[in-house]
file structure_14.tsv (TSV, C-alpha atoms)
chain	number	residue	atom	x	y	z
A	1033	MET	CA	46.62	-236.60	-144.33
A	1034	THR	CA	49.58	-238.94	-144.89
A	1035	MET	CA	52.44	-237.27	-146.74
A	1036	ASP	CA	53.84	-239.08	-149.78
A	1037	TYR	CA	57.50	-238.43	-149.15
A	1038	MET	CA	58.60	-240.70	-152.01
A	1039	ALA	CA	56.64	-238.50	-154.42
A	1040	GLU	CA	58.61	-235.55	-153.03
A	1041	ALA	CA	61.86	-237.45	-153.53
A	1042	LEU	CA	60.91	-238.12	-157.15
A	1043	THR	CA	60.27	-234.39	-157.59
A	1044	GLU	CA	63.77	-233.74	-156.26
A	1045	ALA	CA	65.25	-236.29	-158.69
A	1046	LYS	CA	63.62	-234.59	-161.68
A	1047	LYS	CA	65.55	-231.41	-160.89
A	1048	GLY	CA	68.70	-233.18	-162.03
A	1049	LEU	CA	67.38	-234.57	-165.32
A	1050	GLY	CA	69.85	-233.98	-168.13
A	1051	GLN	CA	72.62	-233.15	-165.65
A	1052	THR	CA	73.60	-236.58	-164.31
A	1053	SER	CA	74.73	-238.82	-167.20
A	1054	PRO	CA	76.36	-241.30	-166.99
A	1055	ASN	CA	74.99	-241.41	-163.44
A	1056	PRO	CA	71.27	-241.80	-162.65
A	1057	ALA	CA	69.00	-238.96	-161.54
A	1058	VAL	CA	68.34	-239.49	-157.82
A	1059	GLY	CA	66.27	-237.56	-155.29
A	1060	VAL	CA	66.22	-237.80	-151.48
A	1061	VAL	CA	63.95	-236.54	-148.73
A	1062	ILE	CA	64.91	-237.05	-145.05
A	1063	VAL	CA	62.10	-237.04	-142.49
A	1064	ASN	CA	62.45	-236.89	-138.70
A	1065	HIS	CA	59.31	-237.00	-136.53
A	1066	GLY	CA	57.10	-235.94	-139.43
A	1067	GLU	CA	59.31	-233.00	-140.44
A	1068	VAL	CA	61.35	-232.83	-143.63
A	1069	VAL	CA	64.87	-232.00	-142.41
A	1070	GLY	CA	66.84	-232.54	-145.61
A	1071	ARG	CA	66.41	-232.67	-149.38
A	1072	GLY	CA	68.82	-233.37	-152.19
A	1073	PHE	CA	69.26	-234.33	-155.81
A	1074	HIS	CA	72.28	-235.34	-157.84
A	1075	VAL	CA	74.09	-233.26	-160.46
A	1076	TYR	CA	77.18	-234.86	-162.02
A	1077	ALA	CA	79.24	-231.67	-161.98
A	1078	ASN	CA	78.77	-231.29	-158.22
A	1079	ARG	CA	80.04	-234.83	-157.55
A	1080	ASP	CA	78.06	-235.40	-154.34
A	1081	HIS	CA	75.23	-237.88	-154.62
A	1082	ALA	CA	71.71	-236.95	-153.56
A	1083	GLU	CA	72.01	-238.74	-150.20
A	1084	VAL	CA	75.10	-236.75	-149.24
A	1085	VAL	CA	73.48	-233.46	-150.28
A	1086	ALA	CA	70.39	-234.21	-148.17
A	1087	LEU	CA	72.46	-235.38	-145.18
A	1088	ALA	CA	74.45	-232.15	-145.26
A	1089	GLU	CA	71.22	-230.15	-145.06
A	1090	ALA	CA	69.81	-232.34	-142.29
A	1091	GLY	CA	72.95	-232.27	-140.15
A	1092	ALA	CA	72.45	-233.78	-136.68
A	1093	ARG	CA	68.71	-234.12	-137.37
A	1094	ALA	CA	69.47	-237.05	-139.68
A	1095	ARG	CA	70.07	-239.29	-136.64
A	1096	GLY	CA	67.05	-241.50	-136.14
A	1097	ALA	CA	65.41	-240.18	-139.32
A	1098	THR	CA	63.79	-242.02	-142.24
A	1099	VAL	CA	65.38	-241.50	-145.63
A	1100	TYR	CA	63.22	-241.63	-148.77
A	1101	VAL	CA	65.37	-242.18	-151.85
A	1102	THR	CA	64.38	-242.90	-155.46
A	1103	LEU	CA	67.17	-245.45	-156.03
A	1104	GLU	CA	68.99	-247.90	-153.78
A	1105	PRO	CA	71.99	-246.15	-152.14
A	1106	CYS	CA	75.22	-247.18	-153.85
A	1107	ALA	CA	77.58	-249.58	-152.10
A	1108	HIS	CA	80.72	-249.12	-154.18
A	1109	GLN	CA	83.54	-246.60	-154.35
A	1110	GLY	CA	83.33	-244.48	-157.49
A	1111	ARG	CA	84.07	-240.77	-157.83
A	1112	THR	CA	82.69	-240.54	-154.28
A	1113	PRO	CA	82.51	-242.93	-151.30
A	1114	PRO	CA	79.45	-245.24	-151.12
A	1115	CYS	CA	76.23	-243.57	-150.00
A	1116	ALA	CA	75.23	-246.58	-147.91
A	1117	GLY	CA	78.22	-245.84	-145.68
A	1118	ALA	CA	77.27	-242.17	-145.38
A	1119	LEU	CA	73.76	-243.10	-144.24
A	1120	ILE	CA	75.13	-245.53	-141.68
A	1121	ASP	CA	77.55	-242.94	-140.33
A	1122	ALA	CA	74.73	-240.39	-140.05
A	1123	GLY	CA	72.75	-242.76	-137.81
A	1124	VAL	CA	69.51	-242.90	-139.82
A	1125	SER	CA	66.98	-245.45	-138.59
A	1126	ALA	CA	65.24	-246.43	-141.85
A	1127	VAL	CA	65.65	-246.19	-145.62
A	1128	VAL	CA	62.72	-246.37	-148.03
A	1129	ALA	CA	63.78	-246.77	-151.67
A	1130	ALA	CA	61.67	-246.76	-154.80
A	1131	MET	CA	63.75	-249.43	-156.54
A	1132	GLU	CA	66.86	-251.56	-156.41
A	1133	ASP	CA	69.88	-250.25	-158.30
A	1134	PRO	CA	70.35	-252.23	-161.57
A	1135	ASN	CA	74.06	-251.35	-161.54
A	1136	PRO	CA	75.87	-254.70	-160.94
A	1137	LEU	CA	78.28	-252.87	-158.62
A	1138	THR	CA	75.38	-252.27	-156.20
A	1139	ALA	CA	72.34	-254.44	-157.14
A	1140	GLY	CA	71.09	-255.16	-153.63
A	1141	GLN	CA	74.42	-254.71	-151.87
A	1142	GLY	CA	73.46	-251.24	-150.67
A	1143	PHE	CA	70.34	-252.65	-149.01
A	1144	ALA	CA	72.33	-255.53	-147.52
A	1145	ARG	CA	74.92	-253.20	-146.02
A	1146	LEU	CA	72.24	-251.00	-144.47
A	1147	ARG	CA	70.39	-253.98	-142.98
A	1148	ALA	CA	73.63	-255.39	-141.60
A	1149	SER	CA	74.04	-252.12	-139.68
A	1150	GLY	CA	70.58	-252.39	-138.15
A	1151	ILE	CA	68.85	-249.93	-140.50
A	1152	ALA	CA	65.35	-250.92	-141.60
A	1153	VAL	CA	65.01	-251.10	-145.39
A	1154	HIS	CA	61.78	-251.04	-147.39
A	1155	VAL	CA	61.12	-250.89	-151.15
A	1156	ASP	CA	58.14	-248.68	-152.01
A	1157	ALA	CA	56.59	-250.66	-154.86
A	1158	ARG	CA	53.96	-247.95	-155.44
A	1159	HIS	CA	56.61	-245.75	-157.04
A	1160	THR	CA	58.93	-248.33	-158.60
A	1161	ALA	CA	57.59	-247.91	-162.15
A	1162	GLU	CA	57.88	-244.12	-162.01
A	1163	ALA	CA	61.39	-244.31	-160.57
A	1164	GLU	CA	62.50	-246.68	-163.31
A	1165	ALA	CA	60.94	-244.51	-166.03
A	1166	LEU	CA	62.82	-241.53	-164.63
A	1167	ASN	CA	66.10	-243.33	-165.31
A	1168	GLU	CA	65.04	-245.39	-168.32
A	1169	PRO	CA	68.34	-245.08	-170.26
A	1170	PHE	CA	70.46	-245.74	-167.14
A	1171	CYS	CA	68.45	-248.84	-166.21
A	1172	PHE	CA	68.53	-250.14	-169.78
A	1173	TYR	CA	72.28	-249.58	-170.08
A	1174	MET	CA	73.02	-251.34	-166.79
A	1175	ARG	CA	70.96	-254.38	-167.77
A	1176	GLU	CA	71.83	-254.63	-171.47
A	1177	ARG	CA	75.30	-253.03	-171.41
A	1178	ARG	CA	74.47	-250.87	-174.43
A	1179	PRO	CA	72.64	-247.58	-175.03
A	1180	LEU	CA	68.87	-247.39	-175.33
A	1181	VAL	CA	68.13	-246.56	-178.99
A	1182	THR	CA	65.00	-244.55	-179.81
A	1183	LEU	CA	63.85	-243.90	-183.37
A	1184	LYS	CA	62.13	-240.51	-183.57
A	1185	SER	CA	60.24	-239.25	-186.60
A	1186	ALA	CA	57.67	-236.63	-187.60
A	1187	LEU	CA	55.17	-238.00	-190.07
A	1188	THR	CA	51.79	-237.62	-191.70
A	1189	LEU	CA	48.81	-239.79	-190.87
A	1190	ASP	CA	49.69	-242.01	-193.83
A	1191	GLY	CA	53.20	-242.60	-192.50
A	1192	LYS	CA	55.12	-240.26	-194.82
A	1193	ILE	CA	58.08	-238.13	-193.77
A	1194	ALA	CA	58.85	-236.28	-197.01
A	1195	ALA	CA	57.10	-235.20	-200.19
A	1196	PRO	CA	58.70	-236.05	-203.56
A	1197	ASP	CA	59.36	-232.43	-204.57
A	1198	ASP	CA	59.22	-229.37	-202.29
A	1199	ASN	CA	59.89	-230.10	-198.60
A	1200	GLU	CA	60.12	-226.54	-197.30
A	1201	GLY	CA	58.58	-226.05	-193.88
A	1202	TRP	CA	57.66	-228.52	-191.16
A	1203	ILE	CA	55.36	-231.51	-190.92
A	1204	THR	CA	54.52	-231.01	-187.24
A	1205	SER	CA	53.72	-227.96	-185.12
A	1206	GLU	CA	55.97	-225.76	-183.02
A	1207	GLN	CA	54.68	-227.50	-179.88
A	1208	ALA	CA	55.66	-230.92	-181.19
A	1209	ARG	CA	59.08	-229.67	-182.26
A	1210	GLY	CA	59.56	-228.20	-178.81
A	1211	HIS	CA	58.91	-231.62	-177.33
A	1212	VAL	CA	61.58	-233.05	-179.63
A	1213	GLN	CA	64.07	-230.65	-178.07
A	1214	LEU	CA	63.23	-232.09	-174.65
A	1215	LEU	CA	63.95	-235.57	-176.03
A	1216	ARG	CA	67.30	-234.33	-177.30
A	1217	HIS	CA	68.05	-232.78	-173.93
A	1218	LEU	CA	67.50	-236.10	-172.17
A	1219	THR	CA	69.62	-238.16	-174.55
A	1220	ASP	CA	73.38	-238.64	-174.70
A	1221	ALA	CA	73.83	-238.95	-178.47
A	1222	ILE	CA	71.88	-238.30	-181.65
A	1223	LEU	CA	72.28	-239.93	-185.08
A	1224	THR	CA	71.34	-238.82	-188.56
A	1225	GLY	CA	72.42	-239.69	-192.07
A	1226	ILE	CA	74.49	-237.72	-194.55
A	1227	GLY	CA	71.45	-237.38	-196.82
A	1228	THR	CA	69.58	-235.43	-194.14
A	1229	VAL	CA	72.60	-233.21	-193.50
A	1230	GLU	CA	72.99	-232.43	-197.19
A	1231	SER	CA	69.31	-231.66	-197.74
A	1232	ASP	CA	68.63	-229.71	-194.53
A	1233	ASP	CA	72.07	-228.33	-193.56
A	1234	CYS	CA	71.00	-229.07	-189.99
A	1235	ALA	CA	72.96	-228.60	-186.76
A	1236	LEU	CA	71.09	-231.24	-184.73
A	1237	THR	CA	71.78	-229.53	-181.41
A	1238	ASP	CA	70.00	-229.39	-178.06
A	1239	ARG	CA	68.28	-226.01	-178.21
A	1240	THR	CA	66.51	-226.13	-174.84
A	1241	GLY	CA	69.15	-223.93	-173.23
A	1242	LEU	CA	69.01	-226.18	-170.17
A	1243	PRO	CA	72.23	-227.35	-168.47
A	1244	ARG	CA	73.68	-230.76	-169.41
A	1245	SER	CA	76.23	-233.02	-167.75
A	1246	ARG	CA	77.87	-233.83	-171.09
A	1247	PRO	CA	77.53	-232.36	-174.59
A	1248	LEU	CA	75.02	-233.97	-176.93
A	1249	LEU	CA	77.18	-236.15	-179.19
A	1250	ARG	CA	76.05	-235.55	-182.77
A	1251	ILE	CA	76.69	-238.46	-185.12
A	1252	VAL	CA	76.47	-238.61	-188.91
A	1253	ALA	CA	76.34	-241.95	-190.71
A	1254	ASP	CA	78.43	-241.10	-193.76
A	1255	SER	CA	80.08	-244.10	-195.40
A	1256	GLN	CA	81.96	-242.07	-198.04
A	1257	LEU	CA	82.71	-238.96	-195.91
A	1258	ARG	CA	80.63	-236.62	-198.05
A	1259	LEU	CA	80.18	-234.26	-195.10
A	1260	ARG	CA	81.31	-230.79	-196.16
A	1261	PRO	CA	83.70	-228.89	-193.85
A	1262	ASP	CA	81.65	-225.72	-194.44
A	1263	SER	CA	78.36	-227.37	-193.43
A	1264	LEU	CA	76.51	-226.04	-190.39
A	1265	MET	CA	77.03	-229.41	-188.74
A	1266	VAL	CA	80.82	-229.00	-188.86
A	1267	ARG	CA	80.94	-225.25	-188.28
A	1268	SER	CA	78.83	-225.59	-185.12
A	1269	GLY	CA	81.03	-228.36	-183.74
A	1270	ALA	CA	82.68	-228.12	-180.35
A	1271	LYS	CA	84.30	-231.54	-180.01
A	1272	ASP	CA	80.78	-232.99	-180.11
A	1273	LEU	CA	80.67	-234.31	-183.68
A	1274	LEU	CA	81.37	-237.89	-184.73
A	1275	VAL	CA	81.20	-239.27	-188.27
A	1276	ALA	CA	80.73	-243.00	-188.73
A	1277	ALA	CA	82.32	-243.92	-192.07
A	1278	THR	CA	83.78	-246.94	-193.86
A	1279	SER	CA	87.26	-247.85	-195.03
A	1280	ALA	CA	86.17	-246.99	-198.58
A	1281	ALA	CA	86.11	-243.28	-197.68
A	1282	SER	CA	88.82	-240.94	-198.92
A	1283	ALA	CA	91.79	-240.57	-196.60
A	1284	GLU	CA	92.10	-236.94	-197.69
A	1285	ARG	CA	88.48	-236.19	-196.75
A	1286	ARG	CA	89.09	-237.78	-193.38
A	1287	ARG	CA	92.16	-235.62	-192.83
A	1288	ILE	CA	90.22	-232.46	-193.69
A	1289	LEU	CA	87.34	-233.30	-191.36
A	1290	GLU	CA	89.63	-234.25	-188.50
A	1291	LYS	CA	91.50	-230.99	-188.95
A	1292	ALA	CA	88.13	-229.23	-188.56
A	1293	GLY	CA	87.63	-230.96	-185.18
A	1294	VAL	CA	85.47	-233.86	-186.34
A	1295	GLU	CA	86.11	-237.33	-184.94
A	1296	VAL	CA	85.93	-240.03	-187.61
A	1297	VAL	CA	85.44	-243.69	-186.79
A	1298	ILE	CA	85.59	-246.48	-189.36
A	1299	LEU	CA	82.81	-249.03	-188.97
A	1300	ASP	CA	82.58	-251.29	-192.02
A	1301	GLY	CA	79.26	-252.99	-192.67
A	1302	THR	CA	77.85	-255.03	-195.51
A	1303	GLY	CA	77.28	-253.51	-198.93
A	1304	GLY	CA	79.67	-250.64	-198.29
A	1305	ARG	CA	77.44	-249.19	-195.55
A	1306	THR	CA	78.26	-248.04	-192.06
A	1307	ASN	CA	77.80	-250.80	-189.52
A	1308	LEU	CA	75.10	-249.46	-187.19
A	1309	ARG	CA	75.41	-252.34	-184.75
A	1310	ALA	CA	79.11	-251.61	-184.38
A	1311	LEU	CA	78.25	-247.95	-183.81
A	1312	VAL	CA	76.00	-248.87	-180.88
A	1313	GLU	CA	78.79	-251.02	-179.43
A	1314	PHE	CA	81.22	-248.14	-179.89
A	1315	LEU	CA	78.92	-245.82	-177.95
A	1316	ALA	CA	78.47	-248.40	-175.20
A	1317	GLY	CA	82.23	-248.49	-174.73
A	1318	ARG	CA	82.18	-244.76	-174.06
A	1319	GLN	CA	79.31	-245.03	-171.57
A	1320	TYR	CA	76.75	-243.30	-173.76
A	1321	GLN	CA	73.50	-244.61	-172.35
A	1322	SER	CA	71.02	-243.34	-174.93
A	1323	LEU	CA	70.93	-242.72	-178.67
A	1324	LEU	CA	68.18	-240.82	-180.50
A	1325	ILE	CA	67.86	-241.43	-184.24
A	1326	GLU	CA	66.58	-238.42	-186.23
A	1327	ALA	CA	67.17	-239.35	-189.82
A	1328	GLY	CA	65.59	-239.98	-193.19
A	1329	SER	CA	63.83	-243.00	-194.60
A	1330	LYS	CA	67.03	-244.81	-195.59
A	1331	VAL	CA	68.77	-244.65	-192.21
A	1332	ASN	CA	65.52	-245.35	-190.35
A	1333	GLY	CA	65.00	-248.50	-192.40
A	1334	ALA	CA	68.61	-249.57	-191.96
A	1335	ALA	CA	68.38	-249.09	-188.18
A	1336	LEU	CA	65.20	-251.18	-187.97
A	1337	ASP	CA	66.67	-253.87	-190.23
A	1338	ALA	CA	69.86	-253.96	-188.12
A	1339	GLY	CA	67.77	-254.58	-185.02
A	1340	ILE	CA	69.32	-251.72	-183.03
A	1341	VAL	CA	66.05	-249.85	-182.39
A	1342	ASP	CA	64.52	-250.43	-178.94
A	1343	LYS	CA	61.80	-247.76	-178.95
A	1344	ILE	CA	59.98	-245.44	-181.30
A	1345	PHE	CA	58.68	-241.94	-180.69
A	1346	PHE	CA	56.59	-240.91	-183.70
A	1347	TYR	CA	54.96	-237.47	-183.94
A	1348	TYR	CA	51.83	-237.49	-186.12
A	1349	ALA	CA	50.46	-234.39	-187.85
A	1350	PRO	CA	46.87	-234.15	-189.16
A	1351	LYS	CA	48.05	-234.35	-192.79
A	1352	ILE	CA	48.23	-236.83	-195.65
A	1353	PHE	CA	50.73	-236.73	-198.53
A	1354	GLY	CA	49.48	-239.76	-200.43
A	1355	GLY	CA	51.11	-240.96	-203.61
A	1356	LEU	CA	53.72	-243.62	-204.18
A	1357	GLN	CA	56.70	-241.27	-204.35
A	1358	SER	CA	56.38	-239.67	-200.93
A	1359	LEU	CA	58.96	-241.22	-198.60
A	1360	PRO	CA	57.76	-243.60	-195.87
A	1361	VAL	CA	59.15	-243.44	-192.34
A	1362	ALA	CA	61.30	-246.51	-193.03
A	1363	GLY	CA	62.78	-247.33	-196.41
A	1364	GLY	CA	64.76	-250.28	-197.67
A	1365	ARG	CA	63.34	-253.68	-198.49
A	1366	GLY	CA	61.06	-253.73	-195.49
A	1367	ARG	CA	58.86	-256.71	-194.61
A	1368	ARG	CA	57.50	-258.58	-197.61
A	1369	ARG	CA	54.69	-260.39	-195.75
A	1370	ARG	CA	52.11	-259.22	-193.28
A	1371	ALA	CA	53.13	-262.06	-190.99
A	1372	ASP	CA	56.64	-260.60	-190.76
A	1373	ALA	CA	55.55	-257.11	-189.64
A	1374	MET	CA	57.43	-255.65	-186.69
A	1375	LEU	CA	55.35	-255.62	-183.53
A	1376	PHE	CA	55.43	-253.11	-180.68
A	1377	ARG	CA	54.37	-253.24	-177.05
A	1378	ASP	CA	53.56	-250.86	-174.21
A	1379	VAL	CA	52.14	-248.33	-176.65
A	1380	ARG	CA	51.48	-244.88	-175.19
A	1381	LEU	CA	49.79	-241.88	-176.80
A	1382	HIS	CA	50.97	-238.37	-175.97
A	1383	PRO	CA	48.77	-235.39	-176.92
A	1384	MET	CA	50.74	-232.57	-178.52
A	1385	SER	CA	49.04	-229.54	-180.03
A	1386	ARG	CA	45.42	-229.57	-181.17
A	1387	ASP	CA	44.83	-232.59	-183.46
A	1388	GLU	CA	48.45	-233.77	-183.06
A	1389	PHE	CA	49.74	-236.70	-181.04
A	1390	ALA	CA	52.85	-238.79	-180.54
A	1391	VAL	CA	53.16	-242.57	-180.27
A	1392	GLU	CA	55.75	-244.02	-177.91
A	1393	ALA	CA	56.28	-247.78	-177.98
A	1394	TRP	CA	58.86	-250.51	-177.38
A	1395	VAL	CA	59.93	-252.97	-180.05
A	1396	ALA	CA	58.48	-256.39	-179.21
A	1397	ARG	CA	61.58	-258.45	-179.90
A	1398	GLY	CA	60.96	-261.93	-181.22
A	1399	ALA	CA	57.28	-261.27	-181.86
A	1400	ARG	CA	55.78	-261.56	-185.33
A	1401	GLY	CA	52.78	-259.90	-186.89

call {"tool": "encode", "arguments": {"input": "structure_14.tsv", "output": "structure tokens"}}
result
Amino acid sequence: MTMDYMAEALTEAKKGLGQTSPNPAVGVVIVNHGEVVGRGFHVYANRDHAEVVALAEAGARARGATVYVTLEPCAHQGRTPPCAGALIDAGVSAVVAAMEDPNPLTAGQGFARLRASGIAVHVDARHTAEAEALNEPFCFYMRERRPLVTLKSALTLDGKIAAPDDNEGWITSEQARGHVQLLRHLTDAILTGIGTVESDDCALTDRTGLPRSRPLLRIVADSQLRLRPDSLMVRSGAKDLLVAATSAASAERRRILEKAGVEVVILDGTGGRTNLRALVEFLAGRQYQSLLIEAGSKVNGAALDAGIVDKIFFYYAPKIFGGLQSLPVAGGRGRRRRADAMLFRDVRLHPMSRDEFAVEAWVARGARG
């Protein structure tokens, strides 16, 4: 039986998920004469990249070995020396990578440096899609130079997210809500609106209990700075709370929130609203590679209208609210003609609990219904 060492390297990479941002999750397996002599994965806090971790375990047995790595070894000096150089110095004979690094600082240069040193290089196309999916936000950020924005919502089968009167309880099951926590764990920042904060008094934290490389940045779109200093959102803050407001907000309210440890950024948009496009650019400047939107109908609609949403992740419960007053997943003016409907591509269905499912899909930019 032929061993799939790249599959093992991908398993190693997954051990670092949530602990590598703004770096990618990378896994390595080193094989010498059919024996695995070294394994490694990257964790941002430990500095060393996966290749260096695996080489340290392999020691002298790395000489003449084949290295299976989920991402092209870096060729630039960052917090650590380039991994391509470490592999060359270790005397490995071949490197098999699942994909080329989309980071412009490497982007093929790692492969070129290895080949120039006489090391055989091969890209394992069988695992390229899985390797890219593993680092979806990183790859998107490197190519687009902005964070990947995902709109998440829990809704009924008729597309409603809130009833007109009593909204106590949950739309989806505990299993589905647990999956949401995993999404939060794998994202850099999360956005909601002040209306959701006022109605739910939510904290919007990562409750998985799993280690992270950086705190989940919680963001509230609050044009007038209505956020109360005694809200759970503020009281649970640990330098991880940002409020996106406008210049129309009270200077005194800003002073009070900043004194409570809240960062306030002024992003003026049209109609007195927070500029969501400017918010995405702001996050890009701080190397936040992913943003999850968990908000109400108004913010969801504004995000879609602003064109900042790249993906959706909708959790459907086996329920119907009906009526004209129940809130839809996206408010605002919406599309007035069927021909102008937003289209999506690469639609995937994810089973949740019994009779529940989630829809994951990419916005088909430029396409019309």

call {"tool": "atom_distance", "arguments": {"input": "structure_14.tsv", "atom1": "CA of Arg1287 (chain A)", "atom2": "CA of Met1265 (chain A)"}}
result
16.9 Å

call {"tool": "closest_atom_pairs", "arguments": {"input": "structure_14.tsv", "of": "region 1162-1190 of chain A", "to": "region 1049-1068 of chain A", "cutoff": "8 Å", "atoms": "all atoms listed in the file", "output": "tab-separated table"}}
result
residue	atom	partner	partner_atom	distance
A:Leu1166	CA	A:Ala1057	CA	7.4
A:Asn1167	CA	A:Pro1056	CA	6.0
A:Phe1170	CA	A:Pro1056	CA	6.0

call {"tool": "residues_around", "arguments": {"input": "structure_14.tsv", "residues": "His1382 (chain A)", "least_positions_apart": "5", "cutoff": "9 Å", "atoms": "all atoms listed in the file", "output": "ChimeraX atom specification"}}
result
/A:1347,1388-1392

call {"tool": "atom_distance", "arguments": {"input": "structure_14.tsv", "atom1": "CA of Leu1214 (chain A)", "atom2": "CA of Phe1346 (chain A)"}}
result
14.3 Å

call {"tool": "closest_residue", "arguments": {"input": "structure_14.tsv", "among": "A:Arg1377, A:Arg1239, A:Arg1178, A:Arg1071", "to": "Gly1091 (chain A)", "atoms": "all atoms listed in the file"}}
result
A:Arg1071

call {"tool": "atom_distance", "arguments": {"input": "structure_14.tsv", "atom1": "CA of Ala1097 (chain A)", "atom2": "CA of Gln1141 (chain A)"}}
result
21.2 Å

call {"tool": "closest_residue", "arguments": {"input": "structure_14.tsv", "among": "A:Gly1354, A:Pro1179, A:Pro1134, A:Gly1328", "to": "Glu1164 (chain A)", "atoms": "all atoms listed in the file"}}
result
A:Pro1134

call {"tool": "residues_around", "arguments": {"input": "structure_14.tsv", "residues": "Ala1393 (chain A)", "least_positions_apart": "3", "cutoff": "10 Å", "atoms": "all atoms listed in the file", "output": "PyMOL selection string"}}
result
chain A and resi 1182+1342-1346+1375-1381+1390+1396

call {"tool": "closest_residue", "arguments": {"input": "structure_14.tsv", "among": "A:Val1395, A:Ala1129, A:His1211, A:Asn1332", "to": "Arg1158 (chain A)", "atoms": "all atoms listed in the file"}}
result
A:Ala1129

call {"tool": "closest_atom_pairs", "arguments": {"input": "structure_14.tsv", "of": "region 1219-1263 of chain A", "to": "region 1274-1281 of chain A", "cutoff": "7 Å", "atoms": "only C-alpha atoms", "output": "CSV"}}
result
residue,atom,partner,partner_atom,distance
A:Arg1250,CA,A:Leu1274,CA,6.1
A:Ile1251,CA,A:Leu1274,CA,4.7
A:Val1252,CA,A:Val1275,CA,4.8
A:Ala1253,CA,A:Ala1276,CA,4.9
A:Asp1254,CA,A:Ala1277,CA,5.1
A:Ser1255,CA,A:Ala1277,CA,4.0
A:Gln1256,CA,A:Ala1281,CA,4.3
A:Leu1257,CA,A:Ala1281,CA,5.8

call {"tool": "residues_around", "arguments": {"input": "structure_14.tsv", "residues": "Glu1200 (chain A)", "least_positions_apart": "6", "cutoff": "12 Å", "atoms": "all atoms listed in the file", "output": "VMD selection string"}}
result
chain A and resid 1194 1231 to 1232

call {"tool": "decode", "arguments": {"input": "structure_14.tsv", "residues": "region 1327-1338 of chain A", "atoms": "N, CA, C and O atoms", "output": "PDB file, in the first residue's frame"}}
result
ATOM      1  N   ALA A1327     -25.047  39.740  12.211  1.00  0.00           N
ATOM      2  CA  ALA A1327     -25.808  40.949  12.505  1.00  0.00           C
ATOM      3  C   ALA A1327     -27.280  40.756  12.179  1.00  0.00           C
ATOM      4  O   ALA A1327     -27.741  39.636  11.894  1.00  0.00           O
ATOM      5  N   GLY A1328     -28.007  41.852  12.239  1.00  0.00           N
ATOM      6  CA  GLY A1328     -29.426  41.832  11.934  1.00  0.00           C
ATOM      7  C   GLY A1328     -29.689  42.160  10.481  1.00  0.00           C
ATOM      8  O   GLY A1328     -28.772  42.361   9.671  1.00  0.00           O
ATOM      9  N   SER A1329     -30.951  42.250  10.152  1.00  0.00           N
ATOM     10  CA  SER A1329     -31.384  42.455   8.777  1.00  0.00           C
ATOM     11  C   SER A1329     -30.798  43.728   8.167  1.00  0.00           C
ATOM     12  O   SER A1329     -30.387  43.739   7.003  1.00  0.00           O
ATOM     13  N   LYS A1330     -30.735  44.791   8.942  1.00  0.00           N
ATOM     14  CA  LYS A1330     -30.278  46.082   8.426  1.00  0.00           C
ATOM     15  C   LYS A1330     -28.812  46.040   8.027  1.00  0.00           C
ATOM     16  O   LYS A1330     -28.444  46.447   6.917  1.00  0.00           O
ATOM     17  N   VAL A1331     -27.960  45.557   8.919  1.00  0.00           N
ATOM     18  CA  VAL A1331     -26.527  45.499   8.617  1.00  0.00           C
ATOM     19  C   VAL A1331     -26.247  44.478   7.522  1.00  0.00           C
ATOM     20  O   VAL A1331     -25.414  44.709   6.635  1.00  0.00           O
ATOM     21  N   ASN A1332     -26.951  43.346   7.558  1.00  0.00           N
ATOM     22  CA  ASN A1332     -26.771  42.344   6.506  1.00  0.00           C
ATOM     23  C   ASN A1332     -27.059  42.944   5.132  1.00  0.00           C
ATOM     24  O   ASN A1332     -26.292  42.767   4.179  1.00  0.00           O
ATOM     25  N   GLY A1333     -28.186  43.661   5.034  1.00  0.00           N
ATOM     26  CA  GLY A1333     -28.545  44.287   3.764  1.00  0.00           C
ATOM     27  C   GLY A1333     -27.527  45.334   3.346  1.00  0.00           C
ATOM     28  O   GLY A1333     -27.172  45.422   2.164  1.00  0.00           O
ATOM     29  N   ALA A1334     -27.063  46.122   4.315  1.00  0.00           N
ATOM     30  CA  ALA A1334     -26.083  47.159   4.002  1.00  0.00           C
ATOM     31  C   ALA A1334     -24.775  46.547   3.511  1.00  0.00           C
ATOM     32  O   ALA A1334     -24.131  47.070   2.594  1.00  0.00           O
ATOM     33  N   ALA A1335     -24.364  45.426   4.127  1.00  0.00           N
ATOM     34  CA  ALA A1335     -23.126  44.763   3.718  1.00  0.00           C
ATOM     35  C   ALA A1335     -23.239  44.210   2.302  1.00  0.00           C
ATOM     36  O   ALA A1335     -22.310  44.329   1.492  1.00  0.00           O
ATOM     37  N   LEU A1336     -24.383  43.616   1.985  1.00  0.00           N
ATOM     38  CA  LEU A1336     -24.598  43.093   0.630  1.00  0.00           C
ATOM     39  C   LEU A1336     -24.655  44.234  -0.379  1.00  0.00           C
ATOM     40  O   LEU A1336     -24.064  44.151  -1.465  1.00  0.00           O
ATOM     41  N   ASP A1337     -25.351  45.317  -0.033  1.00  0.00           N
ATOM     42  CA  ASP A1337     -25.455  46.457  -0.939  1.00  0.00           C
ATOM     43  C   ASP A1337     -24.099  47.122  -1.163  1.00  0.00           C
ATOM     44  O   ASP A1337     -23.824  47.637  -2.254  1.00  0.00           O
ATOM     45  N   ALA A1338     -23.253  47.110  -0.129  1.00  0.00           N
ATOM     46  CA  ALA A1338     -21.925  47.729  -0.239  1.00  0.00           C
ATOM     47  C   ALA A1338     -20.960  46.867  -1.044  1.00  0.00           C
ATOM     48  O   ALA A1338     -19.876  47.319  -1.410  1.00  0.00           O
TER      49      ALA A1338
END
